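Heads up, entry_2.cif below (mmCIF, N, CA and C atoms):
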```
data_structure
loop_
_atom_site.label_atom_id
_atom_site.label_comp_id
_atom_site.auth_asym_id
_atom_site.auth_seq_id
_atom_site.Cartn_x
_atom_site.Cartn_y
_atom_site.Cartn_z
N MET A 1 100.59 120.27 59.92
CA MET A 1 100.76 119.15 59.00
C MET A 1 100.58 119.67 57.58
N GLU A 2 101.50 119.34 56.72
CA GLU A 2 101.40 119.80 55.34
C GLU A 2 100.18 119.19 54.66
N HIS A 3 99.83 119.75 53.51
CA HIS A 3 98.63 119.28 52.81
C HIS A 3 98.94 117.95 52.13
N LEU A 4 98.34 116.91 52.66
CA LEU A 4 98.50 115.56 52.12
C LEU A 4 97.13 115.02 51.74
N PRO A 5 97.09 113.97 50.91
CA PRO A 5 95.80 113.33 50.65
C PRO A 5 95.20 112.81 51.95
N GLN A 6 93.87 112.70 51.98
CA GLN A 6 93.16 112.33 53.20
C GLN A 6 93.70 111.05 53.83
N GLU A 7 93.92 110.03 53.04
CA GLU A 7 94.39 108.74 53.57
C GLU A 7 95.73 108.91 54.29
N GLN A 8 96.63 109.69 53.70
CA GLN A 8 97.94 109.89 54.32
C GLN A 8 97.83 110.73 55.59
N ARG A 9 96.93 111.73 55.60
CA ARG A 9 96.72 112.55 56.81
C ARG A 9 96.20 111.68 57.95
N ILE A 10 95.26 110.78 57.62
CA ILE A 10 94.70 109.90 58.65
C ILE A 10 95.78 108.99 59.21
N GLU A 11 96.58 108.39 58.33
CA GLU A 11 97.65 107.50 58.78
C GLU A 11 98.68 108.26 59.60
N ALA A 12 99.01 109.49 59.22
CA ALA A 12 99.97 110.28 59.98
C ALA A 12 99.43 110.62 61.37
N ALA A 13 98.14 110.97 61.44
CA ALA A 13 97.53 111.29 62.73
C ALA A 13 97.46 110.05 63.62
N LYS A 14 97.14 108.89 63.02
CA LYS A 14 97.11 107.65 63.79
C LYS A 14 98.49 107.33 64.34
N GLY A 15 99.51 107.50 63.51
CA GLY A 15 100.88 107.23 63.96
C GLY A 15 101.30 108.16 65.08
N ALA A 16 100.93 109.44 64.97
CA ALA A 16 101.30 110.41 66.01
C ALA A 16 100.60 110.10 67.33
N ALA A 17 99.38 109.54 67.24
CA ALA A 17 98.61 109.21 68.44
C ALA A 17 98.92 107.81 68.95
N GLY A 18 99.71 107.05 68.19
CA GLY A 18 100.04 105.69 68.61
C GLY A 18 98.91 104.69 68.41
N ILE A 19 98.03 104.97 67.47
CA ILE A 19 96.88 104.09 67.19
C ILE A 19 97.28 103.10 66.11
N GLN A 20 97.14 101.81 66.42
CA GLN A 20 97.48 100.78 65.44
C GLN A 20 96.25 100.08 64.88
N GLU A 21 95.12 100.21 65.59
CA GLU A 21 93.90 99.53 65.16
C GLU A 21 93.34 100.18 63.91
N GLU A 22 92.51 99.42 63.21
CA GLU A 22 91.84 99.96 62.03
C GLU A 22 90.84 101.02 62.47
N THR A 23 90.81 102.11 61.77
CA THR A 23 89.86 103.18 62.08
C THR A 23 88.94 103.41 60.89
N ASN A 24 87.84 104.08 61.15
CA ASN A 24 86.89 104.36 60.09
C ASN A 24 86.66 105.87 60.04
N THR A 25 86.46 106.39 58.86
CA THR A 25 86.21 107.81 58.66
C THR A 25 84.78 108.00 58.22
N TRP A 26 84.39 109.24 58.04
CA TRP A 26 83.04 109.54 57.56
C TRP A 26 82.79 108.81 56.25
N ASN A 27 83.75 108.78 55.34
CA ASN A 27 83.56 108.07 54.07
C ASN A 27 83.33 106.59 54.29
N GLY A 28 84.00 106.01 55.26
CA GLY A 28 83.80 104.59 55.56
C GLY A 28 82.41 104.33 56.10
N TRP A 29 81.93 105.22 56.98
CA TRP A 29 80.57 105.05 57.51
C TRP A 29 79.54 105.20 56.40
N LYS A 30 79.80 106.12 55.47
CA LYS A 30 78.86 106.39 54.39
C LYS A 30 78.66 105.16 53.52
N GLN A 31 79.69 104.33 53.38
CA GLN A 31 79.62 103.18 52.51
C GLN A 31 78.89 101.99 53.14
N LEU A 32 78.64 102.06 54.45
CA LEU A 32 77.91 100.98 55.10
C LEU A 32 76.45 101.00 54.66
N GLY A 33 75.85 99.85 54.63
CA GLY A 33 74.44 99.77 54.28
C GLY A 33 73.54 100.07 55.47
N ASP A 34 72.25 100.18 55.21
CA ASP A 34 71.29 100.48 56.26
C ASP A 34 71.29 99.43 57.36
N THR A 35 71.44 98.17 56.99
CA THR A 35 71.42 97.10 57.98
C THR A 35 72.59 97.23 58.94
N GLU A 36 73.78 97.50 58.40
CA GLU A 36 74.96 97.67 59.24
C GLU A 36 74.81 98.87 60.17
N LEU A 37 74.29 99.97 59.63
CA LEU A 37 74.12 101.17 60.45
C LEU A 37 73.11 100.94 61.57
N LEU A 38 72.02 100.25 61.27
CA LEU A 38 71.04 99.95 62.32
C LEU A 38 71.65 99.06 63.40
N GLY A 39 72.46 98.09 62.98
CA GLY A 39 73.12 97.21 63.93
C GLY A 39 74.10 97.97 64.82
N LEU A 40 74.88 98.86 64.22
CA LEU A 40 75.83 99.66 65.00
C LEU A 40 75.11 100.60 65.95
N ALA A 41 74.02 101.20 65.48
CA ALA A 41 73.26 102.10 66.35
C ALA A 41 72.71 101.33 67.54
N GLY A 42 72.23 100.12 67.30
CA GLY A 42 71.74 99.30 68.40
C GLY A 42 72.86 98.91 69.35
N LEU A 43 74.02 98.58 68.80
CA LEU A 43 75.16 98.18 69.62
C LEU A 43 75.62 99.32 70.53
N TYR A 44 75.69 100.52 69.96
CA TYR A 44 76.17 101.67 70.73
C TYR A 44 75.06 102.39 71.48
N GLY A 45 73.81 102.01 71.22
CA GLY A 45 72.69 102.64 71.91
C GLY A 45 72.51 104.10 71.55
N CYS A 46 72.68 104.40 70.27
CA CYS A 46 72.52 105.79 69.83
C CYS A 46 71.69 105.82 68.55
N PRO A 47 71.13 106.97 68.21
CA PRO A 47 70.37 107.07 66.96
C PRO A 47 71.30 106.92 65.75
N VAL A 48 70.76 106.42 64.65
CA VAL A 48 71.53 106.28 63.41
C VAL A 48 72.08 107.63 62.97
N SER A 49 71.31 108.70 63.21
CA SER A 49 71.75 110.04 62.79
C SER A 49 73.06 110.46 63.46
N VAL A 50 73.33 109.94 64.66
CA VAL A 50 74.60 110.25 65.33
C VAL A 50 75.75 109.62 64.56
N LEU A 51 75.55 108.41 64.06
CA LEU A 51 76.60 107.72 63.32
C LEU A 51 76.81 108.31 61.93
N THR A 52 75.77 108.84 61.33
CA THR A 52 75.88 109.32 59.96
C THR A 52 76.16 110.80 59.86
N CYS A 53 76.20 111.50 60.98
CA CYS A 53 76.46 112.94 60.97
C CYS A 53 77.94 113.20 60.71
N PRO A 54 78.27 113.98 59.68
CA PRO A 54 79.69 114.22 59.38
C PRO A 54 80.33 115.22 60.33
N LYS A 55 79.56 115.87 61.18
CA LYS A 55 80.10 116.85 62.12
C LYS A 55 80.53 116.17 63.41
N VAL A 56 81.37 116.84 64.15
CA VAL A 56 81.74 116.37 65.49
C VAL A 56 80.57 116.67 66.41
N ILE A 57 80.16 115.68 67.16
CA ILE A 57 79.02 115.87 68.05
C ILE A 57 79.54 116.10 69.47
N MET A 58 79.15 117.22 70.02
CA MET A 58 79.57 117.57 71.38
C MET A 58 78.44 117.21 72.34
N LEU A 59 78.80 116.59 73.45
CA LEU A 59 77.80 116.25 74.45
C LEU A 59 77.55 117.46 75.35
N ASP A 60 76.29 117.71 75.63
CA ASP A 60 75.87 118.82 76.49
C ASP A 60 75.37 118.23 77.80
N THR A 61 76.06 118.51 78.89
CA THR A 61 75.68 117.91 80.17
C THR A 61 74.36 118.44 80.70
N GLU A 62 73.79 119.44 80.06
CA GLU A 62 72.47 119.94 80.46
C GLU A 62 71.35 119.05 79.92
N ARG A 63 71.66 118.23 78.91
CA ARG A 63 70.63 117.38 78.30
C ARG A 63 70.67 116.00 78.95
N LEU A 64 69.50 115.52 79.36
CA LEU A 64 69.40 114.23 80.05
C LEU A 64 69.95 113.09 79.19
N ARG A 65 69.62 113.08 77.93
CA ARG A 65 70.08 112.01 77.04
C ARG A 65 71.60 111.98 76.98
N HIS A 66 72.23 113.14 76.92
CA HIS A 66 73.69 113.20 76.86
C HIS A 66 74.31 112.77 78.18
N ARG A 67 73.68 113.14 79.30
CA ARG A 67 74.18 112.69 80.60
C ARG A 67 74.11 111.17 80.71
N LYS A 68 73.03 110.59 80.20
CA LYS A 68 72.90 109.13 80.22
C LYS A 68 73.98 108.47 79.38
N MET A 69 74.25 109.04 78.20
CA MET A 69 75.29 108.48 77.33
C MET A 69 76.65 108.57 78.01
N SER A 70 76.94 109.70 78.65
CA SER A 70 78.21 109.87 79.36
C SER A 70 78.33 108.89 80.51
N ALA A 71 77.24 108.69 81.24
CA ALA A 71 77.25 107.76 82.37
C ALA A 71 77.49 106.33 81.89
N LYS A 72 76.92 105.98 80.75
CA LYS A 72 77.10 104.64 80.20
C LYS A 72 78.57 104.41 79.84
N VAL A 73 79.19 105.37 79.19
CA VAL A 73 80.60 105.26 78.83
C VAL A 73 81.46 105.20 80.09
N ASP A 74 81.12 106.01 81.09
CA ASP A 74 81.85 106.00 82.35
C ASP A 74 81.76 104.63 83.01
N ASN A 75 80.57 104.03 83.00
CA ASN A 75 80.40 102.69 83.58
C ASN A 75 81.25 101.66 82.84
N TRP A 76 81.30 101.75 81.51
CA TRP A 76 82.13 100.82 80.73
C TRP A 76 83.60 100.97 81.14
N PHE A 77 84.04 102.22 81.32
CA PHE A 77 85.42 102.47 81.71
C PHE A 77 85.72 101.86 83.08
N ILE A 78 84.79 102.04 84.01
CA ILE A 78 84.98 101.47 85.35
C ILE A 78 85.03 99.95 85.27
N GLN A 79 84.17 99.35 84.46
CA GLN A 79 84.18 97.90 84.29
C GLN A 79 85.52 97.43 83.72
N LEU A 80 86.04 98.18 82.74
CA LEU A 80 87.35 97.82 82.17
C LEU A 80 88.44 97.89 83.23
N LYS A 81 88.42 98.94 84.05
CA LYS A 81 89.42 99.08 85.10
C LYS A 81 89.35 97.90 86.08
N CYS A 82 88.14 97.52 86.47
CA CYS A 82 87.97 96.39 87.39
C CYS A 82 88.47 95.09 86.76
N MET A 83 88.15 94.90 85.48
CA MET A 83 88.61 93.69 84.79
C MET A 83 90.13 93.67 84.70
N ALA A 84 90.75 94.83 84.45
CA ALA A 84 92.20 94.89 84.36
C ALA A 84 92.84 94.59 85.70
N ARG A 85 92.24 95.09 86.79
CA ARG A 85 92.77 94.80 88.13
C ARG A 85 92.71 93.32 88.45
N LYS A 86 91.72 92.64 87.91
CA LYS A 86 91.58 91.20 88.16
C LYS A 86 92.46 90.36 87.24
N GLY A 87 93.24 91.01 86.40
CA GLY A 87 94.19 90.30 85.56
C GLY A 87 93.79 90.09 84.12
N ASN A 88 92.70 90.67 83.69
CA ASN A 88 92.28 90.53 82.29
C ASN A 88 93.19 91.37 81.42
N GLN A 89 94.04 90.71 80.63
CA GLN A 89 95.03 91.41 79.83
C GLN A 89 94.40 92.21 78.69
N SER A 90 93.30 91.72 78.14
CA SER A 90 92.62 92.48 77.07
C SER A 90 92.09 93.78 77.61
N ALA A 91 91.51 93.76 78.80
CA ALA A 91 90.99 95.00 79.41
C ALA A 91 92.15 95.95 79.70
N GLY A 92 93.26 95.41 80.19
CA GLY A 92 94.43 96.25 80.45
C GLY A 92 94.97 96.90 79.20
N PHE A 93 94.92 96.18 78.08
CA PHE A 93 95.37 96.74 76.80
C PHE A 93 94.48 97.90 76.38
N LEU A 94 93.18 97.78 76.61
CA LEU A 94 92.25 98.83 76.20
C LEU A 94 92.39 100.10 77.02
N LEU A 95 92.89 99.95 78.23
CA LEU A 95 93.08 101.13 79.07
C LEU A 95 94.38 101.81 78.70
#
```
So that I can check it, write out the structure of this file as structure tokens.
Amino acid sequence: MEHLPQEQRIEAAKGAAGIQEETNTWNGWKQLGDTELLGLAGLYGCPVSVLTCPKVIMLDTERLRHRKMSAKVDNWFIQLKCMARKGNQSAGFLL
């Protein structure tokens, strides 16, 4: 990809991946206040530092905490699949 401004690179990558939803970048997270970050951390069940870290965080299956996080996401995926099988169109869209 040629050198484009960040906003254009993000939009080009979203288009190539077929993503139409609004996305947030590190700069977007940085602009959130403490209250919003605490709420998001509670919603996702992760430390605030995970949300504010500008690096890509890799999960290590040797760490119990990371295995728990992976299992939680896996359970959500299974729930979505079950909901889609039962005819929930929103769940089917997310899959």
Tell me, as a PyMOL selection string, which residues lie within 8 Å of Val48 of chain A, counting only C-alpha atoms; anything in the same chain fewer than 6 positions away does not count.
chain A and resi 37-38+41
Just asking: which residues within segment 10-91 of chain A are alpha helix (DSSP H) according to DSSP, as a VMD selection string?
chain A and resid 10 to 17 26 to 31 34 to 44 48 to 52 64 to 85 89 to 91
Separation of atom CA of Tyr44 of chain A and atom N of Lys14 of chain A, in Å?
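Interatomic distance, atom CA of Tyr44 of chain A to atom N of Lys14 of chain A: 23.5 Å.
Of note, atom CA of Arg65 of chain A and atom N of Thr35 of chain A are spaced 24.4 Å apart.
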Could you work out how far atom CA of Pro54 of chain A lies from atom CA of Glu7 of chain A, giving the answer in Å with one decimal?
16.7 Å
Kindly list the centre and edge lengths in Å, rounded to one decimal, for the axis-aligned box that covers all listed atoms of segment 73-83 of chain A plus 4 Å on each of its six sides, as lines of an AutoDock Vina configuration file.
```
center_x = 84.7
center_y = 99.8
center_z = 83.1
size_x = 18.9
size_y = 20.3
size_z = 16.6
```
